[in-house]
$ cat work_20.cif   # mmCIF, C-alpha atoms
data_final
loop_
_atom_site.label_atom_id
_atom_site.label_comp_id
_atom_site.auth_asym_id
_atom_site.auth_seq_id
_atom_site.Cartn_x
_atom_site.Cartn_y
_atom_site.Cartn_z
CA MET A 1 105.80 -142.94 -40.12
CA VAL A 2 103.75 -140.57 -42.24
CA LYS A 3 100.07 -140.80 -43.12
CA VAL A 4 99.97 -140.95 -46.91
CA ALA A 5 96.78 -140.32 -48.86
CA ILE A 6 96.50 -141.98 -52.25
CA PHE A 7 94.50 -141.37 -55.35
CA PRO A 8 92.73 -143.54 -56.46
CA PRO A 9 91.95 -143.99 -52.77
CA ASN A 10 91.57 -147.77 -52.85
CA SER A 11 94.44 -148.73 -55.13
CA LEU A 12 96.14 -152.04 -54.33
CA ILE A 13 99.51 -151.12 -55.85
CA LEU A 14 99.82 -147.73 -54.14
CA ALA A 15 98.67 -149.08 -50.77
CA ASP A 16 101.13 -151.96 -50.94
CA LEU A 17 104.11 -149.78 -51.92
CA ILE A 18 103.42 -147.38 -49.05
CA GLU A 19 103.06 -150.16 -46.49
CA ARG A 20 106.30 -151.74 -47.65
CA LYS A 21 108.09 -148.50 -46.78
CA GLY A 22 106.60 -148.49 -43.29
CA HIS A 23 104.25 -145.55 -43.71
CA GLU A 24 100.56 -145.53 -42.90
CA VAL A 25 98.32 -145.51 -45.94
CA LEU A 26 94.95 -143.76 -45.83
CA THR A 27 92.75 -145.97 -47.97
CA LEU A 28 89.06 -145.75 -48.67
CA GLN A 29 88.56 -149.21 -47.22
CA LYS A 30 89.38 -147.88 -43.76
CA ALA A 31 86.58 -145.35 -44.08
CA VAL A 32 84.21 -148.02 -45.36
CA ARG A 33 85.19 -150.31 -42.47
CA LYS A 34 83.97 -147.72 -39.98
CA LYS A 35 80.60 -147.84 -41.75
CA VAL A 36 80.57 -151.62 -41.75
CA LYS A 37 81.22 -151.77 -38.02
CA ASP A 38 78.53 -149.21 -37.33
CA PRO A 39 75.45 -151.13 -36.08
CA ASP A 40 73.13 -148.33 -37.25
CA ILE A 41 73.80 -149.05 -40.93
CA ASP A 42 72.35 -152.21 -42.43
CA SER A 43 73.99 -152.32 -45.83
CA PRO A 44 77.00 -150.04 -46.09
CA PRO A 45 78.03 -148.12 -48.04
CA MET A 46 74.65 -148.02 -49.77
CA ASN A 47 72.87 -146.51 -46.80
CA LEU A 48 73.67 -143.09 -45.48
CA THR A 49 72.97 -141.61 -42.12
CA GLU A 50 71.70 -138.06 -41.82
CA GLU A 51 75.18 -136.97 -40.77
CA ASP A 52 76.86 -138.00 -44.02
CA PRO A 53 75.40 -135.35 -46.37
CA ILE A 54 76.24 -132.76 -43.71
CA LYS A 55 79.85 -133.96 -43.69
CA GLY A 56 79.84 -133.87 -47.50
CA LEU A 57 78.68 -130.26 -47.48
CA LYS A 58 82.04 -129.32 -46.08
CA TYR A 59 83.66 -130.30 -49.37
CA ALA A 60 80.95 -129.68 -51.97
CA ALA A 61 78.12 -127.17 -52.26
CA ILE A 62 74.46 -128.05 -51.89
CA GLU A 63 73.97 -127.83 -55.67
CA VAL A 64 76.49 -130.61 -56.21
CA PRO A 65 74.90 -134.04 -56.80
CA SER A 66 74.27 -135.97 -53.61
CA GLY A 67 76.46 -138.83 -54.87
CA VAL A 68 79.48 -136.56 -54.91
CA ARG A 69 78.71 -135.28 -51.42
CA GLY A 70 78.19 -138.81 -50.15
CA ARG A 71 81.53 -139.95 -51.57
CA MET A 72 83.30 -136.87 -50.26
CA SER A 73 81.97 -137.58 -46.77
CA LEU A 74 84.15 -140.70 -46.87
CA ILE A 75 87.14 -139.40 -48.85
CA GLY A 76 87.25 -135.87 -47.38
CA PRO A 77 88.29 -136.86 -43.83
CA LEU A 78 91.07 -139.04 -45.30
CA ILE A 79 92.42 -136.04 -47.22
CA GLU A 80 92.29 -133.90 -44.08
CA GLU A 81 94.24 -136.52 -42.17
CA ALA A 82 96.94 -136.80 -44.86
CA GLU A 83 100.54 -135.73 -44.22
CA ALA A 84 101.65 -136.65 -47.75
CA ALA A 85 99.91 -137.71 -50.94
CA ILE A 86 100.47 -139.75 -54.08
CA ILE A 87 98.25 -139.09 -57.10
CA VAL A 88 98.11 -141.26 -60.19
CA ASP A 89 96.82 -139.23 -63.12
CA ASN A 90 94.80 -140.65 -66.00
CA ALA A 91 94.17 -143.89 -64.16
CA PRO A 92 91.47 -146.08 -65.70
CA PHE A 93 88.40 -146.85 -63.61
CA GLY A 94 89.85 -150.25 -62.82
CA PHE A 95 92.82 -148.73 -61.02
CA GLY A 96 90.86 -147.96 -57.92
CA CYS A 97 87.15 -148.28 -58.45
CA ILE A 98 86.13 -144.65 -58.41
CA GLY A 99 83.55 -144.26 -61.13
CA CYS A 100 82.48 -140.69 -60.36
CA ALA A 101 84.48 -138.21 -62.41
CA ARG A 102 83.39 -135.17 -60.38
CA THR A 103 84.42 -136.80 -57.11
CA ASN A 104 87.77 -137.62 -58.69
CA GLU A 105 88.31 -134.01 -59.72
CA LEU A 106 87.26 -132.74 -56.32
CA SER A 107 89.48 -135.23 -54.48
CA ILE A 108 92.54 -134.34 -56.57
CA PHE A 109 91.79 -130.64 -56.10
CA TYR A 110 91.63 -131.01 -52.32
CA LEU A 111 94.79 -133.13 -52.23
CA ARG A 112 96.69 -130.45 -54.18
CA LYS A 113 95.17 -127.68 -52.08
CA ARG A 114 96.04 -129.51 -48.87
CA GLY A 115 99.63 -128.27 -49.10
CA VAL A 116 101.33 -131.50 -48.11
CA PRO A 117 104.22 -133.15 -50.04
CA THR A 118 102.56 -134.58 -53.13
CA LEU A 119 103.86 -136.87 -55.85
CA GLU A 120 101.98 -136.93 -59.12
CA VAL A 121 102.72 -139.72 -61.56
CA LYS A 122 101.13 -140.83 -64.78
CA TYR A 123 99.34 -144.18 -64.97
CA PRO A 124 101.76 -146.67 -66.58
CA ASN A 125 100.91 -148.76 -69.61
CA THR A 126 104.22 -150.50 -70.29
CA GLN A 127 106.87 -152.24 -68.18
CA ASP A 128 109.28 -149.31 -68.44
CA GLU A 129 106.63 -146.87 -67.32
CA THR A 130 105.65 -149.12 -64.42
CA THR A 131 109.29 -149.43 -63.33
CA ASP A 132 109.64 -145.68 -63.51
CA MET A 133 106.47 -145.14 -61.48
CA VAL A 134 107.52 -147.60 -58.77
CA ASN A 135 110.99 -146.04 -58.52
CA LYS A 136 109.56 -142.55 -58.24
CA ILE A 137 107.09 -143.59 -55.56
CA ASN A 138 109.79 -145.40 -53.57
CA THR A 139 112.17 -142.43 -53.84
CA PHE A 140 109.39 -140.09 -52.76
CA LEU A 141 108.49 -142.32 -49.79
CA ASP A 142 112.15 -142.53 -48.76
CA SER A 143 112.32 -138.74 -48.75
CA LEU A 144 109.47 -138.50 -46.25
CA PRO A 145 110.44 -138.24 -42.59
CA LYS A 146 110.16 -141.42 -40.58
CA SER A 147 108.47 -139.77 -37.60
CA ASN A 148 106.58 -136.62 -38.47
CA SER A 149 106.14 -134.39 -41.49
CA LYS A 150 106.16 -131.03 -39.72
CA ASP A 151 109.80 -130.35 -40.62
CA LEU A 152 109.33 -130.67 -44.37
CA ASN A 153 110.82 -127.96 -46.52
CA GLN A 154 108.69 -125.61 -48.55
CA GLU A 155 109.63 -126.23 -52.12
CA SER A 156 108.17 -127.29 -55.42
CA PHE A 157 109.91 -129.33 -58.02
CA VAL A 158 109.14 -131.47 -61.04
CA ILE A 159 110.46 -134.93 -61.72
CA PRO A 160 113.00 -134.82 -64.57
CA GLY A 161 112.11 -136.21 -67.93
CA ASP A 162 108.40 -136.31 -67.26
CA ASN A 163 106.35 -133.20 -67.61
CA LYS A 164 103.29 -134.82 -66.12
CA SER A 165 105.04 -136.03 -62.98
CA LYS A 166 105.64 -133.42 -60.38
CA VAL A 167 106.36 -133.27 -56.72
CA THR A 168 105.22 -130.45 -54.56
CA LYS A 169 106.56 -129.91 -51.10
CA ASN A 170 104.76 -127.41 -48.96
CA GLY A 171 105.52 -127.62 -45.29
CA MET B 172 69.72 -157.08 -57.10
CA VAL B 173 67.62 -155.77 -54.22
CA GLU B 174 68.36 -158.79 -52.12
CA ASN B 175 72.06 -158.26 -52.70
CA VAL B 176 72.21 -154.78 -51.25
CA CYS B 177 69.56 -155.02 -48.55
CA ILE B 178 70.82 -158.01 -46.63
CA ASN B 179 70.99 -157.38 -42.95
CA PRO B 180 73.73 -159.83 -42.11
CA ASP B 181 74.00 -161.56 -38.81
CA LEU B 182 77.67 -160.91 -38.29
CA GLY B 183 79.67 -162.38 -35.47
CA LYS B 184 81.11 -160.50 -32.54
CA GLU B 185 84.55 -160.38 -34.14
CA ALA B 186 83.22 -158.99 -37.42
CA MET B 187 81.52 -156.10 -35.62
CA ASP B 188 84.50 -155.33 -33.39
CA PRO B 189 85.95 -151.91 -34.37
CA GLU B 190 89.44 -153.14 -33.42
CA THR B 191 89.32 -155.91 -36.01
CA VAL B 192 90.95 -155.25 -39.37
CA THR B 193 90.77 -157.31 -42.55
CA LYS B 194 93.55 -157.53 -45.12
CA MET B 195 93.62 -159.16 -48.51
CA ILE B 196 96.81 -160.95 -49.53
CA ILE B 197 97.15 -161.04 -53.31
CA LEU B 198 99.70 -163.13 -55.16
CA GLY B 199 101.35 -161.57 -58.18
CA PRO B 200 101.47 -163.38 -61.54
CA LYS B 201 105.12 -164.38 -61.00
CA ALA B 202 104.62 -165.69 -57.47
CA ASN B 203 106.65 -168.70 -56.39
CA VAL B 204 104.19 -169.67 -53.66
CA SER B 205 100.64 -170.93 -53.83
CA GLU B 206 97.57 -169.73 -51.96
CA ASN B 207 97.68 -172.92 -49.94
CA GLU B 208 101.25 -172.30 -48.79
CA ILE B 209 100.55 -168.82 -47.48
CA VAL B 210 97.42 -169.99 -45.67
CA ASN B 211 99.35 -172.86 -44.08
CA GLN B 212 102.12 -170.48 -43.07
CA MET B 213 99.62 -168.20 -41.35
CA HIS B 214 98.02 -171.12 -39.51
CA LEU B 215 101.45 -172.21 -38.29
CA LEU B 216 101.96 -168.80 -36.67
CA ASP B 217 99.30 -169.76 -34.11
CA LEU B 218 97.87 -166.24 -33.92
CA PRO B 219 94.20 -165.53 -33.14
CA LEU B 220 93.23 -164.80 -36.74
CA THR B 221 90.42 -165.63 -39.12
CA ILE B 222 92.05 -166.87 -42.32
CA LYS B 223 90.28 -167.56 -45.58
CA GLN B 224 91.87 -169.01 -48.68
CA THR B 225 90.70 -167.36 -51.88
CA CYS B 226 91.36 -167.60 -55.59
CA TYR B 227 93.66 -164.56 -55.54
CA GLY B 228 95.52 -165.43 -52.33
CA ALA B 229 94.03 -165.16 -48.88
CA MET B 230 92.09 -162.95 -46.56
CA VAL B 231 93.11 -162.46 -42.98
CA SER B 232 91.11 -160.82 -40.23
CA GLY B 233 91.90 -160.11 -36.61
CA ASN B 234 93.57 -157.70 -34.26
CA GLU B 235 95.67 -155.15 -36.16
CA GLU B 236 98.95 -156.16 -34.54
CA ASP B 237 98.34 -159.85 -35.19
CA VAL B 238 97.43 -159.18 -38.82
CA LYS B 239 100.57 -157.10 -39.31
CA GLU B 240 102.67 -159.84 -37.76
CA ALA B 241 101.08 -162.48 -39.98
CA ILE B 242 101.63 -160.42 -43.13
CA LYS B 243 105.23 -159.73 -42.15
CA GLU B 244 105.88 -163.46 -41.81
CA VAL B 245 104.02 -164.38 -45.00
CA ARG B 246 105.90 -161.77 -47.04
CA LYS B 247 109.14 -163.59 -46.23
CA LEU B 248 107.99 -166.48 -48.45
CA ASP B 249 108.12 -164.31 -51.58
CA PRO B 250 108.77 -160.67 -50.73
CA TYR B 251 108.40 -159.26 -54.23
CA ASN B 252 105.27 -161.11 -55.32
CA ILE B 253 102.99 -160.90 -52.28
CA PHE B 254 100.85 -157.78 -52.18
CA THR B 255 98.39 -156.66 -49.56
CA LYS B 256 95.53 -154.23 -49.30
CA ASP B 257 92.87 -153.34 -46.76
CA ARG B 258 89.32 -154.58 -46.97
CA GLY B 259 86.37 -152.86 -45.41
CA PHE B 260 84.11 -155.88 -45.09
CA PRO B 261 84.90 -158.95 -42.94
CA PRO B 262 85.62 -162.30 -44.65
CA GLY B 263 82.49 -164.06 -45.86
CA ASP B 264 80.23 -161.02 -45.44
CA PRO B 265 77.10 -161.85 -47.51
CA ARG B 266 77.00 -158.29 -48.85
CA ARG B 267 80.29 -158.86 -50.63
CA CYS B 268 80.80 -162.63 -50.79
CA ARG B 269 80.45 -163.86 -54.38
CA GLY B 270 78.53 -166.92 -53.26
CA HIS B 271 75.64 -164.76 -52.05
CA ARG B 272 75.80 -161.98 -54.59
CA LYS B 273 75.13 -164.13 -57.68
CA GLY B 274 77.86 -162.36 -59.62
CA PRO B 275 81.33 -160.89 -59.33
CA ARG B 276 81.81 -158.95 -56.15
CA GLU B 277 82.66 -155.28 -56.10
CA GLY B 278 86.39 -154.87 -56.34
CA PHE B 279 86.90 -157.91 -58.57
CA HIS B 280 87.25 -155.84 -61.73
CA GLN B 281 89.62 -153.45 -60.00
CA MET B 282 91.81 -156.29 -58.85
CA GLU B 283 91.71 -157.79 -62.33
CA LYS B 284 92.96 -154.50 -63.76
CA GLU B 285 95.71 -154.00 -61.21
CA PHE B 286 96.76 -157.65 -61.44
CA LYS B 287 97.99 -156.98 -64.98
CA LEU B 288 100.56 -154.53 -63.60
CA LEU B 289 101.64 -156.58 -60.58
CA GLY B 290 104.23 -158.55 -62.56
CA PHE B 291 105.92 -155.32 -63.68
CA VAL B 292 105.70 -153.92 -60.14
CA SER B 293 107.42 -156.99 -58.69
CA ASP B 294 110.20 -156.67 -61.30
CA ALA B 295 110.64 -153.02 -60.34
CA LEU B 296 110.78 -153.93 -56.65
CA LYS B 297 113.44 -156.57 -57.34
CA ASN B 298 115.63 -154.02 -59.11
CA PRO B 299 115.21 -150.80 -57.14
CA LYS B 300 116.73 -147.69 -58.59
CA LYS B 301 117.00 -144.22 -57.10
CA VAL B 302 115.57 -141.54 -59.34
CA SER B 303 115.95 -137.84 -58.92
CA LEU B 304 112.86 -135.91 -57.91
CA GLU B 305 114.43 -132.54 -58.60
CA GLU B 306 113.15 -130.23 -61.24
CA GLU B 307 114.76 -130.44 -64.67
CA THR B 308 114.95 -126.94 -66.10
CA CYS B 309 115.98 -125.74 -69.54
CA ILE B 310 119.52 -124.37 -69.91
CA PRO B 311 119.62 -120.60 -70.57
CA VAL B 312 120.59 -119.70 -74.14
CA ASP B 313 123.79 -117.90 -73.07
CA GLU B 314 124.98 -120.93 -71.11
CA PHE B 315 124.09 -123.22 -74.02
CA GLU B 316 126.10 -120.98 -76.37
CA LYS B 317 129.13 -121.18 -74.08
CA ILE B 318 128.91 -124.97 -73.92
CA MET B 319 128.58 -125.21 -77.70
CA ASN B 320 131.57 -122.94 -78.24
CA GLN B 321 133.56 -125.01 -75.77
CA CYS B 322 132.63 -128.23 -77.56
CA LEU B 323 133.49 -126.76 -80.95
CA ALA B 324 136.85 -125.57 -79.63
CA GLU B 325 137.59 -129.04 -78.25
CA GLY B 326 136.58 -130.49 -81.63
CA ASP B 327 139.06 -128.17 -83.37
CA VAL B 328 141.82 -129.28 -81.02
CA ASP B 329 141.01 -132.92 -81.77
CA ASN B 330 141.12 -132.22 -85.51
CA PHE B 331 144.39 -130.37 -85.06
CA ASN B 332 145.87 -133.33 -83.14
CA LYS B 333 144.64 -135.73 -85.82
CA ASN B 334 146.23 -133.62 -88.56
CA GLU B 335 149.48 -133.44 -86.63
CA ASN B 336 149.55 -137.20 -86.23
CA ASN B 337 148.86 -137.67 -89.94
CA ASP B 338 151.73 -135.31 -90.83
CA LYS B 339 154.10 -137.23 -88.57
CA ASP B 340 153.07 -140.53 -90.17
CA ASN B 341 153.71 -139.10 -93.62
#

$ encode --input "work_20.cif" --output "structure tokens"
Amino acid sequence: MVKVAIFPPNSLILADLIERKGHEVLTLQKAVRKKVKDPDIDSPPMNLTEEDPIKGLKYAAIEVPSGVRGRMSLIGPLIEEAEAAIIVDNAPFGFGCIGCARTNELSIFYLRKRGVPTLEVKYPNTQDETTDMVNKINTFLDSLPKSNSKDLNQESFVIPGDNKSKVTKNG
Amino acid sequence: MVENVCINPDLGKEAMDPETVTKMIILGPKANVSENEIVNQMHLLDLPLTIKQTCYGAMVSGNEEDVKEAIKEVRKLDPYNIFTKDRGFPPGDPRRCRGHRKGPREGFHQMEKEFKLLGFVSDALKNPKKVSLEEETCIPVDEFEKIMNQCLAEGDVDNFNKNENNDKDN
């Protein structure tokens, strides 16, 4: 079982496909749940504790808007925990409810920089594209080790027939 | 709006338990089961769970192992049309519950958007197909030239055979 980070980090479709294959999905809801269960916070995720901007500083500079740092304090630890990643490019705001473009860019940047096996697919608009996306994700998930990801090969390759879909494997 | 985001809810012991997880069960547009059926099925499992029937399916909250077991059993009813996702807030939390918020809850519009693709996703899951994840590179010009010459040569042979056959017929 591999911990798979997804982008958008709260997508229903991605989370479901990963769980079907028996891997652990790192969703934003899990990070939010920790806030909800925290008795110090009255109305999560609206309220921040003084620790959150400090956590966000690890991923974004002090000049970066506080909203980005606040979001990264939730998303950043998920990216650090990831052993594999699936990124959907050009997803509309509805596909995962991330409305902050700078956080999106920063999250994708850190996922790529993380050096874990990453599948990048384009957001589908038609049935054929959706079928293709699902097949690619399932093939990618099947290729991940069942126990641990430490023995992954170091290689980069692109999915055939789709210039915007690429898989990167960096052990 | 202020009252929506500043509620200090009086949550139960279970809702504040860090071990408790909440999952949403969402039925796809081509589902052959109803919300009522999946809720009944979960009740029949006799697990210590909090189950709530909703317009999109159901919400189930409890110990992680029990929730996984319940979802595993429920999926058997319609494996390709039952989808699940995590939820950060417990069922009925006034900060998210539509009844208290006086409007659509956060996440509704996202689900609405993804729901449009769920039918296609279930079709793709029904007919799985292995695709290659290897890089597709361009053929070098020299190799392409060789292949073309080979094809042309084969074409000549075919033409030659055709001509021979025509001569024999005549």

$ residues_around --input "work_20.cif" --residues "Lys284 of chain B" --least-positions-apart "4" --cutoff "12 Å" --atoms "all atoms listed in the file" --output "VMD selection string"
(chain A and resid 11 to 13 91 to 97 125) or (chain B and resid 278 to 280 288 to 289)

$ residues_around --input "work_20.cif" --residues "segment 78-83 of chain A" --least-positions-apart "5" --cutoff "6 Å" --atoms "all atoms listed in the file" --output "list of chain:residue names"
A:Lys3, A:Val4, A:Ala5, A:Val116

$ residues_near_point --input "work_20.cif" --point "(100.8, -165.9, -57.6)" --cutoff "12 Å" --atoms "only C-alpha atoms" --output "ChimeraX atom specification"
/B:196-209,225-229,248-254,286-287,289-290,293

$ write_last_selection --input "work_20.cif" --atoms "C-alpha atoms" --output "compact mmCIF listing (two decimals), in the coordinates of the input"
# COMPACT_ATOMS: atom_id res chain seq x y z
CA ILE B 196 96.81 -160.95 -49.53
CA ILE B 197 97.15 -161.04 -53.31
CA LEU B 198 99.70 -163.13 -55.16
CA GLY B 199 101.35 -161.57 -58.18
CA PRO B 200 101.47 -163.38 -61.54
CA LYS B 201 105.12 -164.38 -61.00
CA ALA B 202 104.62 -165.69 -57.47
CA ASN B 203 106.65 -168.70 -56.39
CA VAL B 204 104.19 -169.67 -53.66
CA SER B 205 100.64 -170.93 -53.83
CA GLU B 206 97.57 -169.73 -51.96
CA ASN B 207 97.68 -172.92 -49.94
CA GLU B 208 101.25 -172.30 -48.79
CA ILE B 209 100.55 -168.82 -47.48
CA THR B 225 90.70 -167.36 -51.88
CA CYS B 226 91.36 -167.60 -55.59
CA TYR B 227 93.66 -164.56 -55.54
CA GLY B 228 95.52 -165.43 -52.33
CA ALA B 229 94.03 -165.16 -48.88
CA LEU B 248 107.99 -166.48 -48.45
CA ASP B 249 108.12 -164.31 -51.58
CA PRO B 250 108.77 -160.67 -50.73
CA TYR B 251 108.40 -159.26 -54.23
CA ASN B 252 105.27 -161.11 -55.32
CA ILE B 253 102.99 -160.90 -52.28
CA PHE B 254 100.85 -157.78 -52.18
CA PHE B 286 96.76 -157.65 -61.44
CA LYS B 287 97.99 -156.98 -64.98
CA LEU B 289 101.64 -156.58 -60.58
CA GLY B 290 104.23 -158.55 -62.56
CA SER B 293 107.42 -156.99 -58.69

$ residues_around --input "work_20.cif" --residues "Glu244 of chain B" --least-positions-apart "2" --cutoff "12 Å" --atoms "all atoms listed in the file" --output "number ranges by chain"
B: 209-218, 237-242, 246-250, 253

$ residues_near_point --input "work_20.cif" --point "(103.2, -145.8, -51.3)" --cutoff "8 Å" --atoms "only C-alpha atoms" --output "PyMOL selection string"
chain A and resi 4+6+13-21+23+25+86+137-138+141

$ closest_residue --input "work_20.cif" --among "B:Lys273, B:Thr255, B:Ala186, B:Glu316" --to "Lys243 of chain B" --atoms "all atoms listed in the file"
B:Thr255

$ decode --input "work_20.cif" --residues "segment 234-246 of chain B" --atoms "N, CA and C atoms" --output "CSV table (one decimal), in the first residue's frame"
chain,number,residue,atom,x,y,z
B,234,ASN,N,-15.5,4.2,13.8
B,234,ASN,CA,-14.1,3.7,13.8
B,234,ASN,C,-13.6,3.4,12.3
B,235,GLU,N,-12.4,3.6,12.0
B,235,GLU,CA,-11.9,3.5,10.7
B,235,GLU,C,-12.1,2.1,10.1
B,236,GLU,N,-11.8,1.1,10.9
B,236,GLU,CA,-12.0,-0.3,10.5
B,236,GLU,C,-13.4,-0.6,10.2
B,237,ASP,N,-14.3,-0.1,11.0
B,237,ASP,CA,-15.7,-0.4,10.8
B,237,ASP,C,-16.3,0.3,9.6
B,238,VAL,N,-15.8,1.5,9.4
B,238,VAL,CA,-16.2,2.3,8.2
B,238,VAL,C,-15.7,1.6,6.9
B,239,LYS,N,-14.5,1.1,7.0
B,239,LYS,CA,-14.0,0.4,5.8
B,239,LYS,C,-14.8,-0.9,5.5
B,240,GLU,N,-15.1,-1.6,6.6
B,240,GLU,CA,-15.9,-2.8,6.4
B,240,GLU,C,-17.2,-2.5,5.8
B,241,ALA,N,-17.9,-1.5,6.3
B,241,ALA,CA,-19.2,-1.1,5.9
B,241,ALA,C,-19.1,-0.7,4.4
B,242,ILE,N,-18.1,0.1,4.0
B,242,ILE,CA,-18.0,0.5,2.6
B,242,ILE,C,-17.8,-0.7,1.7
B,243,LYS,N,-16.9,-1.6,2.2
B,243,LYS,CA,-16.6,-2.8,1.4
B,243,LYS,C,-17.9,-3.6,1.1
B,244,GLU,N,-18.8,-3.7,2.1
B,244,GLU,CA,-20.0,-4.5,2.0
B,244,GLU,C,-21.0,-3.8,1.1
B,245,VAL,N,-21.0,-2.4,1.2
B,245,VAL,CA,-22.0,-1.6,0.4
B,245,VAL,C,-21.6,-1.6,-1.0
B,246,ARG,N,-20.3,-1.6,-1.3
B,246,ARG,CA,-19.8,-1.6,-2.7
B,246,ARG,C,-20.3,-2.8,-3.5
